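Visitor: Attaching a single structure in structure tokens format; questions to follow.
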Amino acid sequence: MKKISLTIDGKKVIAPEGQKVLWAALDNGIYIPNLCARREEATPDASCRLCWVEIEGKSKPVTACTETAKEGMVVNTRGAMALRLARTALELLLASNEVDCAHCPANGACELQKIAAHLGVKLKTRRFRKILRNLEVDSSNPEFVYDPNKCVLCGQCIWVCRERLGIGALGFAHRGFKRRMTTFGDEPMASSACRNCGECVAACPTGALTLKEK
Ligand code: FES
């Protein structure tokens with residue numbers, strides 16, 4: 001495959017032609033916050049709005065997961081406009097998320113913690129009014145627990161279940177603030193098409209899907 005050369009945060013990097021800026025950066029050790037991106041996905045959802053970067057010659061920031069890397073491109077992941085957008089997206093996410101790291105099984109391995117540290121945002125940010133969803137926790141599956149209050153709606157579990165495993169037990173339901181990841185017909189996990197493989201748990205970047213202690 002043809003390679004191209006671009007500059008990210010002052011570092012010259014080589015990337016396969018056609019690759020998105022997000023992967024070009026991550027593959028070269030430059031972190032850009034992201035939750036919803038998947039390498040295999042040709043047309044990314046770009047729903048988390050965390051991966052903002054600035055590109056020389058463009059007047060506005062762009063999402064790195066949708067922007068194709070080009071020969072000679074100059075990317076800045078730490079530009080003021082990009083950081084402001086990413087911080088706002090994270091703070092909005094945290095406003096509807098139960099942030100209780102001390103009692104969360106994902107503590108220390110949660111992507112939200114990593115992103116907050118990278119962006120210099122407090123997990124207990126008070127910038128936006130906290131509105132919790134107070135959804136029921138589903139412990140019906142013998143292998144894992146699903147706590148929708150900790151879900152960031154990234155869709156990674158849905159993608160793995162449907163596209164990689166071909167099962168399709170999981171999907172999104174409702175819109176706006178009521179949007180949630182659930183099973184077909186909103187059945188408990190144990191009554192759904194789930195085969196208890198646990199791949200969704202491995203794909204979850206937060207503590208929304210966690211293995212049961214045995
Ligand atoms: S990773 Fe780009 S918008 Fe979510």
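Here's how to read the names in the structure tokens: chain A, B, ... by the order shown, residue numbers from 1 in each chain, ligand numbers from 1 in the order shown.
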Counting only C-alpha atoms and all ligand atoms, what are the residues of chain A within 10 Å of ligand 1, and for each of them which pair of atoms is the nearest and at what distance in Å, to one decimal? Sort the table by chain and rising number, as CSV.
Guide:
residue,atom,partner,partner_atom_place_in_ligand_line,distance
A:Val21,CA,ligand 1,2 (Fe),9.9
A:Leu22,CA,ligand 1,2 (Fe),7.6
A:Ile32,CA,ligand 1,1 (S),8.5
A:Pro33,CA,ligand 1,1 (S),7.0
A:Asn34,CA,ligand 1,1 (S),3.9
A:Leu35,CA,ligand 1,1 (S),5.1
A:Cys36,CA,ligand 1,4 (Fe),4.1
A:Ala37,CA,ligand 1,1 (S),4.3
A:Arg38,CA,ligand 1,1 (S),8.0
A:Pro44,CA,ligand 1,2 (Fe),7.5
A:Asp45,CA,ligand 1,3 (S),6.9
A:Ala46,CA,ligand 1,3 (S),3.3
A:Ser47,CA,ligand 1,3 (S),4.8
A:Cys48,CA,ligand 1,4 (Fe),3.9
A:Arg49,CA,ligand 1,3 (S),3.9
A:Leu50,CA,ligand 1,3 (S),5.4
A:Cys51,CA,ligand 1,2 (Fe),4.6
A:Trp52,CA,ligand 1,2 (Fe),7.2
A:Val53,CA,ligand 1,2 (Fe),9.9
A:Val62,CA,ligand 1,2 (Fe),9.1
A:Thr63,CA,ligand 1,2 (Fe),5.3
A:Ala64,CA,ligand 1,2 (Fe),5.8
A:Cys65,CA,ligand 1,2 (Fe),4.3
A:Thr66,CA,ligand 1,2 (Fe),6.7
A:Glu67,CA,ligand 1,2 (Fe),9.2
A:Ala86,CA,ligand 1,3 (S),9.5
A:Ala89,CA,ligand 1,3 (S),9.7
A:Cys154,CA,ligand 1,4 (Fe),7.4
Visitor: Let's have the selection written as an mmCIF file, in the first residue's frame, with N, CA, C and O atoms.
Guide:
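File written: again_27.cif
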data_model
loop_
_atom_site.group_PDB
_atom_site.id
_atom_site.type_symbol
_atom_site.label_atom_id
_atom_site.label_comp_id
_atom_site.auth_asym_id
_atom_site.auth_seq_id
_atom_site.Cartn_x
_atom_site.Cartn_y
_atom_site.Cartn_z
ATOM 1 N N VAL A 21 -6.905 10.478 10.038
ATOM 2 C CA VAL A 21 -5.910 11.161 10.880
ATOM 3 C C VAL A 21 -5.828 10.515 12.266
ATOM 4 O O VAL A 21 -4.743 10.376 12.836
ATOM 5 N N LEU A 22 -6.980 10.090 12.795
ATOM 6 C CA LEU A 22 -6.984 9.494 14.140
ATOM 7 C C LEU A 22 -6.034 8.304 14.222
ATOM 8 O O LEU A 22 -5.210 8.215 15.137
ATOM 9 N N ILE A 32 -5.053 10.950 20.669
ATOM 10 C CA ILE A 32 -6.195 11.846 20.429
ATOM 11 C C ILE A 32 -7.380 11.179 21.123
ATOM 12 O O ILE A 32 -7.664 10.006 20.869
ATOM 13 N N PRO A 33 -8.079 11.873 22.020
ATOM 14 C CA PRO A 33 -9.221 11.257 22.702
ATOM 15 C C PRO A 33 -10.228 10.709 21.695
ATOM 16 O O PRO A 33 -10.492 11.344 20.664
ATOM 17 N N ASN A 34 -10.760 9.561 21.981
ATOM 18 C CA ASN A 34 -11.760 8.963 21.083
ATOM 19 C C ASN A 34 -12.513 7.890 21.836
ATOM 20 O O ASN A 34 -11.951 7.224 22.701
ATOM 21 N N LEU A 35 -13.784 7.717 21.490
ATOM 22 C CA LEU A 35 -14.588 6.650 22.083
ATOM 23 C C LEU A 35 -15.322 5.842 21.017
ATOM 24 O O LEU A 35 -15.496 4.638 21.150
ATOM 25 N N CYS A 36 -15.776 6.508 19.969
ATOM 26 C CA CYS A 36 -16.700 5.825 19.056
ATOM 27 C C CYS A 36 -16.039 5.299 17.784
ATOM 28 O O CYS A 36 -16.708 4.630 16.987
ATOM 29 N N ALA A 37 -14.764 5.574 17.570
ATOM 30 C CA ALA A 37 -14.133 5.197 16.299
ATOM 31 C C ALA A 37 -13.771 3.720 16.250
ATOM 32 O O ALA A 37 -13.402 3.124 17.260
ATOM 33 N N ARG A 38 -13.897 3.148 15.046
ATOM 34 C CA ARG A 38 -13.497 1.753 14.810
ATOM 35 C C ARG A 38 -12.719 1.714 13.500
ATOM 36 O O ARG A 38 -13.185 2.259 12.498
ATOM 37 N N PRO A 44 -17.321 6.453 9.644
ATOM 38 C CA PRO A 44 -17.484 6.550 11.102
ATOM 39 C C PRO A 44 -18.721 7.363 11.500
ATOM 40 O O PRO A 44 -19.102 8.300 10.807
ATOM 41 N N ASP A 45 -19.299 6.976 12.634
ATOM 42 C CA ASP A 45 -20.455 7.704 13.182
ATOM 43 C C ASP A 45 -20.051 9.104 13.642
ATOM 44 O O ASP A 45 -20.832 10.032 13.592
ATOM 45 N N ALA A 46 -18.841 9.192 14.167
ATOM 46 C CA ALA A 46 -18.341 10.459 14.753
ATOM 47 C C ALA A 46 -19.328 11.004 15.769
ATOM 48 O O ALA A 46 -19.649 12.192 15.773
ATOM 49 N N SER A 47 -19.808 10.153 16.632
ATOM 50 C CA SER A 47 -20.857 10.566 17.565
ATOM 51 C C SER A 47 -20.322 11.089 18.896
ATOM 52 O O SER A 47 -20.995 11.862 19.566
ATOM 53 N N CYS A 48 -19.118 10.689 19.305
ATOM 54 C CA CYS A 48 -18.660 11.125 20.630
ATOM 55 C C CYS A 48 -18.118 12.545 20.610
ATOM 56 O O CYS A 48 -18.078 13.208 21.639
ATOM 57 N N ARG A 49 -17.689 13.048 19.472
ATOM 58 C CA ARG A 49 -17.194 14.422 19.290
ATOM 59 C C ARG A 49 -16.014 14.756 20.209
ATOM 60 O O ARG A 49 -15.933 15.862 20.757
ATOM 61 N N LEU A 50 -15.146 13.798 20.390
ATOM 62 C CA LEU A 50 -13.996 14.005 21.277
ATOM 63 C C LEU A 50 -12.677 14.168 20.524
ATOM 64 O O LEU A 50 -11.687 14.602 21.098
ATOM 65 N N CYS A 51 -12.664 13.766 19.257
ATOM 66 C CA CYS A 51 -11.369 13.651 18.556
ATOM 67 C C CYS A 51 -11.031 14.875 17.708
ATOM 68 O O CYS A 51 -10.412 14.745 16.661
ATOM 69 N N TRP A 52 -11.389 16.060 18.181
ATOM 70 C CA TRP A 52 -11.138 17.280 17.404
ATOM 71 C C TRP A 52 -9.643 17.555 17.223
ATOM 72 O O TRP A 52 -8.870 17.416 18.170
ATOM 73 N N VAL A 53 -9.293 17.960 16.014
ATOM 74 C CA VAL A 53 -7.925 18.402 15.729
ATOM 75 C C VAL A 53 -8.001 19.624 14.812
ATOM 76 O O VAL A 53 -9.040 19.879 14.197
ATOM 77 N N VAL A 62 -11.632 19.799 12.854
ATOM 78 C CA VAL A 62 -12.335 18.666 12.233
ATOM 79 C C VAL A 62 -12.183 17.462 13.159
ATOM 80 O O VAL A 62 -11.291 17.419 14.005
ATOM 81 N N THR A 63 -13.056 16.479 12.985
ATOM 82 C CA THR A 63 -12.922 15.254 13.780
ATOM 83 C C THR A 63 -11.893 14.340 13.102
ATOM 84 O O THR A 63 -11.996 14.047 11.911
ATOM 85 N N ALA A 64 -10.915 13.903 13.897
ATOM 86 C CA ALA A 64 -9.798 13.128 13.351
ATOM 87 C C ALA A 64 -10.242 11.765 12.829
ATOM 88 O O ALA A 64 -9.588 11.183 11.965
ATOM 89 N N CYS A 65 -11.369 11.245 13.347
ATOM 90 C CA CYS A 65 -11.811 9.913 12.900
ATOM 91 C C CYS A 65 -12.461 9.953 11.526
ATOM 92 O O CYS A 65 -12.625 8.915 10.887
ATOM 93 N N THR A 66 -12.837 11.159 11.063
ATOM 94 C CA THR A 66 -13.473 11.257 9.740
ATOM 95 C C THR A 66 -12.561 11.914 8.703
ATOM 96 O O THR A 66 -12.842 11.872 7.512
ATOM 97 N N GLU A 67 -11.492 12.527 9.158
ATOM 98 C CA GLU A 67 -10.608 13.282 8.256
ATOM 99 C C GLU A 67 -9.512 12.369 7.694
ATOM 100 O O GLU A 67 -8.749 11.770 8.458
ATOM 101 N N ALA A 86 -13.393 19.556 22.372
ATOM 102 C CA ALA A 86 -13.261 18.230 22.997
ATOM 103 C C ALA A 86 -13.626 18.293 24.477
ATOM 104 O O ALA A 86 -14.308 17.406 25.001
ATOM 105 N N ALA A 89 -17.385 18.518 24.842
ATOM 106 C CA ALA A 89 -18.017 17.217 24.565
ATOM 107 C C ALA A 89 -17.863 16.286 25.768
ATOM 108 O O ALA A 89 -18.804 15.594 26.160
ATOM 109 N N CYS A 154 -20.997 4.814 22.954
ATOM 110 C CA CYS A 154 -19.975 4.779 21.903
ATOM 111 C C CYS A 154 -20.306 3.751 20.823
ATOM 112 O O CYS A 154 -19.811 3.827 19.705
#
Visitor: Could you give me, as a list in words, each residue of segment 17-210 of chain A that DSSP assigns to strand (DSSP E) when run on this structure's backbone?
Guide: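 Assigned to strand (DSSP E), within segment 17-210 of chain A: Trp52, Val53, Glu54, Ile55, Val62, Thr63, Val74, Val75, Asn76, Phe144, Val145, Tyr146, Leu170, Gly171, Phe172, Ala173, Arg180, Met181, Thr182, Thr183, Leu209 and Thr210 of chain A.
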Visitor: Find the residues around Pro148 of chain A up to 10 Å (only C-alpha atoms counted), leave out those fewer than 5 positions away in its own chain, and share them as a list in words.
Guide: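 The neighbour list is Asn97, Glu98, Arg133, Asn134, Leu135, Glu136, Val137, Asp138, Leu153, Arg180, Met181, Thr182, Gly207, Ala208 and Leu209 of chain A.
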Visitor: Nearest residue to Lys2 of chain A out of A:Ser59, A:Ile30, A:Pro105, A:Lys70, using only C-alpha atoms?
Guide: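 Comparing A:Ser59, A:Ile30, A:Pro105, A:Lys70 against Lys2 of chain A, the winner is A:Lys70.
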Visitor: So which residues of segment 136-173 of chain A fall under helix (DSSP H, G or I) by DSSP, listed as a PyMOL selection string?
Guide: chain A and resi 148-150+156-164
Visitor: Ranking A:Phe128, A:Trp23, A:Phe172, A:Tyr146 by minimum distance to Glu40 of chain A and counting only C-alpha atoms, which one comes first?
Guide: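 Nearest to Glu40 of chain A: A:Trp23.
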